[in-house]
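Remarks on the structure that follows.
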Amino acid sequence: MKTNILVSLASIIFTGYVTMAVSAPPHWSYEEEPHWGALEDASQVVPLRYPYAECGIGTHQSPVDLANARIVKSGPLNKLMARYGIDTPSFINTGHAIQVNTSPDFTGGLKVGKELLPLIQLHFHEPSEHVFGDKKFPAELHFVHVSQDGKIAVLAVTINIGEENAVFQTILDNMPYGSGEENSTSGVRFKLSNLLPSGINTANLEYLTLAGSLTTPPCSEGVQWYVLTKSIAISSAQLEQMKTFYSNNARSVQSLNERSVLSNR
Amino acid sequence: MRIKLVLVAVLSLSISCFAESGEDQSKPLPAADQVGNISTGNEQPVQIKVEKKKSKSQPSQEEINVDKQSLMIDYCRKHTC
Ligand SMILES: [Zn+2]
């Protein structure tokens, strides 16, 4: 009951922000991660004064340790199909990660069952956010989708060190260095599915899924996570180049709080 | 219960303002689960309050969803969400 009230309160805070949009959200950094929930917007009164409260009081937060999870090989889950075709995206340095935004006319996305969730952007974290016990991957790629009712689904792909990745190099080469800068005039076209693990069936992905949150403030819950069971590779030189943009831009592991992780394997 | 009623009132006000403004989307933050989360549990008061407000500006659920989707898309293009 208490938790419900807190979560409702947090939701209302964000509704208020969307509604009023009267002030910029407070700046945050990964160094401040333990205190995200307490960061204040001094121009607001309680509860809008704490726009990132959900980071602190949420019970379905991301990322998580998937080795520590109760993995349920449940009955038939939604079939997951990645329809990531060719696009001429823009490259944006958000101030917290390097990100690729799909063009407004991009029609691809993630098909979950019968619903196609448009792919809005993809971005990278270093090191990985999701971990498997002691194993942390060098990096993690998030494909972000927004459903028709405004809910977010993220397809997460862990990244290992291996061969050079041509598409990732294209992203690095076109990424602006300045925080907040966007390169929308590169004209570079590539197939976004080339960022998926090679040799997988993109029409029927193998995944783990759980309910979670944004891993960045405001840490809003209601995000459905799909973590691919296979990784992609980039070279160690590419990882180093990526770190010249952002390093340690990964939130720490959050408590599962009785959540189950479902597997379709 | 009293706390819930207060929360419901705030939510109603928010939804109402959201429906009526619909223009200033310059600094949105995610609203992925607002209506969904809050309408779970003790649903009746939420439904009643929302209906009252809806009769003023009459946004359909579909319209609210479209607004929520475009807000989220806008937010996620600008931020690492
Ligand atoms: Zn991410």
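Chains: A, B, ... in order of the structure tokens. Residues: from 1 per chain. Ligands: from 1, in order shown.
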
Residues within 10 Å of ligand 1, counting only C-alpha atoms and all ligand atoms: report them as a ChimeraX atom specification.
-> /A:62-63,96-97,99,122-126,128-129,140-144,154-156,214-216,249-251 /B:79-81

Based on DSSP run over this structure's backbone, return all residues of region 179-250 of chain A in strand (DSSP E or B), as a PyMOL selection string.
-> chain A and resi 182-183+190-191+207-213+221-228+232-234

Write out as a short mmCIF file (atom, residue, chain, number, x, y, z; two decimals) with N, CA and C atoms, in the first residue's frame which residues come within 10 Å of Pro127 (chain A) when counting only C-alpha atoms, dropping same-chain ones fewer than 6 positions away.
```
data_model
loop_
_atom_site.label_atom_id
_atom_site.label_comp_id
_atom_site.auth_asym_id
_atom_site.auth_seq_id
_atom_site.Cartn_x
_atom_site.Cartn_y
_atom_site.Cartn_z
N LYS A 136 30.47 -8.61 -16.31
CA LYS A 136 30.01 -7.33 -16.84
C LYS A 136 30.59 -7.25 -18.25
N PHE A 137 29.80 -6.88 -19.21
CA PHE A 137 30.31 -6.76 -20.57
C PHE A 137 30.99 -5.40 -20.76
N PRO A 138 31.89 -5.31 -21.75
CA PRO A 138 32.58 -4.03 -21.97
C PRO A 138 31.62 -2.89 -22.31
N ALA A 139 30.51 -3.22 -22.95
CA ALA A 139 29.57 -2.16 -23.33
C ALA A 139 28.19 -2.78 -23.57
N GLU A 140 27.21 -1.91 -23.77
CA GLU A 140 25.83 -2.37 -23.99
C GLU A 140 25.13 -1.39 -24.92
N THR A 158 24.27 -6.88 -25.40
CA THR A 158 25.58 -6.75 -24.74
C THR A 158 26.68 -6.76 -25.80
N ILE A 159 27.78 -6.10 -25.47
CA ILE A 159 28.87 -5.93 -26.44
C ILE A 159 30.16 -6.51 -25.87
N LEU A 239 36.35 0.36 -28.69
CA LEU A 239 35.91 0.61 -27.31
C LEU A 239 36.64 1.84 -26.75
N LYS A 243 35.14 5.41 -25.51
CA LYS A 243 35.38 5.98 -24.18
C LYS A 243 35.88 7.42 -24.24
N SER A 247 32.63 7.48 -20.68
CA SER A 247 33.13 6.31 -19.98
C SER A 247 32.39 6.20 -18.66
N ASN A 248 32.15 4.99 -18.24
CA ASN A 248 31.40 4.77 -16.98
C ASN A 248 30.02 5.43 -17.01
N ASN A 249 29.38 5.38 -18.16
CA ASN A 249 28.01 5.91 -18.24
C ASN A 249 27.03 4.75 -18.12
N ALA A 250 27.15 4.02 -17.04
CA ALA A 250 26.29 2.87 -16.78
C ALA A 250 25.78 2.94 -15.35
N ARG A 251 24.48 2.82 -15.21
CA ARG A 251 23.89 2.81 -13.86
C ARG A 251 24.22 1.49 -13.17
#
```

What is the distance, in Å and to one decimal place, between CA of Asp173 (chain A) and CA of Asn194 (chain A)?
->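 According to the coordinates, CA of Asp173 (chain A) and CA of Asn194 (chain A) are separated by 16.4 Å.
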
Please measure the separation of CA of Asn93 (chain A) and CA of Tyr177 (chain A), giving the value in Å to one decimal.
->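 Those two atoms sit 6.8 Å apart.
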
Region 196-201 of chain A surroundings by only C-alpha atoms, 10 Å radius, close-in-sequence under 4 positions cut, as a list in words =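 Near region 196-201 of chain A, the qualifying residues are Leu80, Met81, Ala82, Tyr84, Leu141, Ala156, Val157, Thr158, Ile159, Leu192, Leu205, Glu206, Leu228, Thr229, Lys230, Ser231, Ile232 and Ala233 of chain A.
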
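With only C-alpha atoms as the basis for measurement, A:Ile92 is the residue among A:Val64, A:Ile92, A:Ala237, A:Leu208 that approaches chain B most closely.
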
For the atom pair CA of Lys73 (chain A) and CA of Gly212 (chain A), what is the interatomic distance in Å to one decimal place?
-> 18.6 Å

Check the smallest atom-to-atom distance from each of A:Gly58, A:Pro89, A:Gly133, A:Pro104 to Arg189 (chain A) using only C-alpha atoms, then report the winner.
-> A:Pro89

Contacts of Lys78 (chain B) at 9 Å or less, counting only C-alpha atoms, minus same-chain residues fewer than 6 places along, as a ChimeraX atom specification?
-> /A:92,94,101,180

Quick one: everything within 9 Å of Val146 (chain A), counting only C-alpha atoms, minus sequence neighbours fewer than 2 positions away in the same chain. Send it as a VMD selection string.
-> (chain A and resid 117 to 120 144 148 to 154) or (chain B and resid 32 69 to 70 72 to 73 76)
